[in-house]
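A.B. asks: Data: query16.pdb, PDB, C-alpha atoms, pLDDT in the B column.
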```pdb
ATOM      1  CA  MET A   1      -7.873-150.980 -27.337  1.00 58.00           C
ATOM      2  CA  SER A   2      -9.133-150.144 -23.903  1.00 71.00           C
ATOM      3  CA  GLN A   3     -12.551-151.341 -22.815  1.00 86.00           C
ATOM      4  CA  TYR A   4     -12.880-148.603 -20.170  1.00 90.00           C
ATOM      5  CA  PRO A   5     -10.894-145.565 -21.362  1.00 88.00           C
ATOM      6  CA  GLN A   6     -10.718-142.943 -18.625  1.00 91.00           C
ATOM      7  CA  ARG A   7      -9.001-139.577 -18.994  1.00 91.00           C
ATOM      8  CA  VAL A   8      -7.112-138.345 -15.899  1.00 93.00           C
ATOM      9  CA  LEU A   9      -8.327-134.812 -15.083  1.00 93.00           C
ATOM     10  CA  THR A  10      -5.574-133.630 -12.710  1.00 95.00           C
ATOM     11  CA  ASP A  11      -1.995-134.765 -12.089  1.00 96.00           C
ATOM     12  CA  VAL A  12      -1.892-137.563  -9.528  1.00 96.00           C
ATOM     13  CA  SER A  13       0.609-139.862  -7.834  1.00 96.00           C
ATOM     14  CA  VAL A  14      -0.855-143.355  -8.009  1.00 95.00           C
ATOM     15  CA  VAL A  15       0.207-145.783  -5.274  1.00 92.00           C
ATOM     16  CA  TRP A  16      -0.321-149.326  -6.516  1.00 86.00           C
ATOM     17  CA  ASP A  17       1.253-152.691  -5.703  1.00 84.00           C
ATOM     18  CA  LYS A  18       4.466-153.148  -3.735  1.00 83.00           C
ATOM     19  CA  HIS A  19       8.105-153.905  -4.478  1.00 83.00           C
ATOM     20  CA  ALA A  20       9.511-157.219  -3.249  1.00 85.00           C
ATOM     21  CA  ASN A  21      10.851-155.352  -0.186  1.00 89.00           C
ATOM     22  CA  GLY A  22       7.321-154.171   0.728  1.00 87.00           C
ATOM     23  CA  VAL A  23       7.787-150.538  -0.329  1.00 89.00           C
ATOM     24  CA  PRO A  24       4.735-149.215  -2.258  1.00 89.00           C
ATOM     25  CA  VAL A  25       5.169-148.420  -5.951  1.00 90.00           C
ATOM     26  CA  THR A  26       4.253-144.813  -6.745  1.00 92.00           C
ATOM     27  CA  THR A  27       3.747-143.596 -10.317  1.00 93.00           C
ATOM     28  CA  PHE A  28       3.173-139.966 -11.291  1.00 95.00           C
ATOM     29  CA  VAL A  29       0.428-139.634 -13.932  1.00 95.00           C
ATOM     30  CA  ARG A  30      -0.119-136.389 -15.842  1.00 95.00           C
ATOM     31  CA  HIS A  31      -3.554-134.923 -16.493  1.00 93.00           C
ATOM     32  CA  GLY A  32      -4.837-135.812 -19.956  1.00 88.00           C
ATOM     33  CA  THR A  33      -3.446-139.343 -19.796  1.00 90.00           C
ATOM     34  CA  VAL A  34      -5.902-142.023 -20.928  1.00 89.00           C
ATOM     35  CA  ALA A  35      -5.842-145.297 -18.991  1.00 91.00           C
ATOM     36  CA  ASP A  36      -7.942-148.481 -19.006  1.00 92.00           C
ATOM     37  CA  ILE A  37      -9.690-148.278 -15.622  1.00 93.00           C
ATOM     38  CA  VAL A  38     -12.931-150.015 -14.667  1.00 92.00           C
ATOM     39  CA  PRO A  39     -15.231-147.429 -13.031  1.00 91.00           C
ATOM     40  CA  GLY A  40     -15.673-148.058  -9.297  1.00 93.00           C
ATOM     41  CA  SER A  41     -12.650-150.374  -9.056  1.00 94.00           C
ATOM     42  CA  ALA A  42      -9.781-150.189  -6.554  1.00 93.00           C
ATOM     43  CA  LEU A  43      -7.571-148.891  -9.364  1.00 93.00           C
ATOM     44  CA  ALA A  44     -10.069-146.089 -10.047  1.00 95.00           C
ATOM     45  CA  SER A  45      -9.828-145.140  -6.363  1.00 95.00           C
ATOM     46  CA  ALA A  46      -6.034-145.062  -6.612  1.00 94.00           C
ATOM     47  CA  TYR A  47      -6.382-142.528  -9.451  1.00 96.00           C
ATOM     48  CA  GLY A  48      -8.613-140.311  -7.307  1.00 95.00           C
ATOM     49  CA  GLY A  49     -11.989-141.852  -8.057  1.00 94.00           C
ATOM     50  CA  SER A  50     -14.694-140.561 -10.344  1.00 90.00           C
ATOM     51  CA  GLY A  51     -13.798-136.984  -9.406  1.00 93.00           C
ATOM     52  CA  ASN A  52     -10.444-137.313 -11.182  1.00 94.00           C
ATOM     53  CA  LEU A  53     -11.463-139.622 -14.053  1.00 94.00           C
ATOM     54  CA  SER A  54     -13.645-138.927 -17.059  1.00 91.00           C
ATOM     55  CA  GLY A  55     -14.768-141.426 -19.679  1.00 84.00           C
ATOM     56  CA  VAL A  56     -14.707-138.800 -22.410  1.00 67.00           C
ATOM     57  CA  ILE A  57     -14.106-141.029 -25.426  1.00 61.00           C
ATOM     58  CA  PRO A  58     -17.426-142.042 -26.995  1.00 60.00           C
ATOM     59  CA  VAL A  59     -17.951-145.743 -27.678  1.00 61.00           C
ATOM     60  CA  SER A  60     -18.316-144.921 -31.376  1.00 63.00           C
ATOM     61  CA  GLN A  61     -14.726-143.609 -31.447  1.00 59.00           C
ATOM     62  CA  ARG A  62     -13.015-146.322 -29.406  1.00 59.00           C
ATOM     63  CA  GLY A  63     -10.484-148.026 -31.611  1.00 60.00           C
ATOM     64  CA  ASN A  64      -9.938-144.838 -33.618  1.00 56.00           C
ATOM     65  CA  ALA A  65      -6.374-143.828 -32.741  1.00 59.00           C
ATOM     66  CA  ALA A  66      -6.938-140.315 -34.111  1.00 59.00           C
ATOM     67  CA  CYS A  67      -9.108-139.388 -31.090  1.00 57.00           C
ATOM     68  CA  LEU A  68      -6.723-140.593 -28.372  1.00 56.00           C
ATOM     69  CA  SER A  69      -4.523-138.311 -26.302  1.00 58.00           C
ATOM     70  CA  HIS A  70      -0.809-138.890 -26.669  1.00 60.00           C
ATOM     71  CA  ALA A  71      -0.074-137.212 -23.325  1.00 58.00           C
ATOM     72  CA  ALA A  72       1.075-140.501 -21.828  1.00 57.00           C
ATOM     73  CA  ALA A  73       3.913-140.664 -24.324  1.00 60.00           C
ATOM     74  CA  SER A  74       5.480-137.678 -22.569  1.00 55.00           C
ATOM     75  CA  ASN A  75       5.474-139.317 -19.118  1.00 52.00           C
TER      76      ASN A  75
END
```
Show me this structure written as structure tokens.
C.D. replies:
Amino acid sequence: MSQYPQRVLTDVSVVWDKHANGVPVTTFVRHGTVADIVPGSALASAYGGSGNLSGVIPVSQRGNAACLSHAAASN
């Protein structure tokens, strides 16, 4: 289970890492997707920062699969 679950608020193209040939890797992420992103990290910035991420899952419900979005399964 994620330690820092963050829900993506708006669709975003995340540019992260590079292929062996130096071309950046771009991944489209749909709004509603939950990802493990440490607040304030470089990865959080790639997702659009705190303005596009929301830690909406209460600590008391982390680990409870019933409360998680399955939006990522459709990506």
A.B. asks: As a list in words, please: the residues near segment 43-52 of chain A (cut-off 7 Å, all atoms listed in the file, same-chain neighbours under 5 positions excluded).
C.D. replies: Val8, Leu9, Thr10, Val12, Val14, Val15, Ile37 and Val38 of chain A
A.B. asks: What is the distance between atom CA of Gly32 of chain A and atom CA of Pro5 of chain A, in Å to one decimal?
C.D. replies: 11.6 Å
A.B. asks: Rounded to one decimal in Å, what is the spacing between atom CA of Pro39 of chain A and atom CA of Ser2 of chain A?
C.D. replies: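 About the pair atom CA of Pro39 of chain A and atom CA of Ser2 of chain A: they are 12.8 Å apart.
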A.B. asks: State, in Å with one decimal place, the distance from atom CA of Arg7 of chain A to atom CA of Ser54 of chain A.
C.D. replies: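 Atom CA of Arg7 of chain A sits 5.1 Å away from atom CA of Ser54 of chain A.
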A.B. asks: Got a sec: who's within 12 Å of Pro24 of chain A, counting all atoms listed in the file, leaving out chain neighbours fewer than 5 positions off, as a ChimeraX atom specification?
C.D. replies: /A:13-19
A.B. asks: Can you list what the PyMOL selection byres ((chain A and resi 29) around 6) grabs from this structure, as a PDB file with C-alpha atoms, keeping the file's coordinate frame?
C.D. replies:
```pdb
ATOM      1  CA  ASP A  11      -1.995-134.765 -12.089  1.00 96.00           C
ATOM      2  CA  VAL A  12      -1.892-137.563  -9.528  1.00 96.00           C
ATOM      3  CA  PHE A  28       3.173-139.966 -11.291  1.00 95.00           C
ATOM      4  CA  ARG A  30      -0.119-136.389 -15.842  1.00 95.00           C
TER       5      ARG A  30
END
```
A.B. asks: Using the chain letters and numbers from the file, give me the residues hit by the PyMOL selection byres ((chain A and resi 34) around 6), as a compact mmCIF listing (two decimals) with C-alpha atoms, in the frame of the given file.
C.D. replies:
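Saved file out.txt follows:
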```
# COMPACT_ATOMS: atom_id res chain seq x y z
CA GLN A 6 -10.72 -142.94 -18.62
CA ARG A 7 -9.00 -139.58 -18.99
CA THR A 33 -3.45 -139.34 -19.80
CA ALA A 35 -5.84 -145.30 -18.99
```
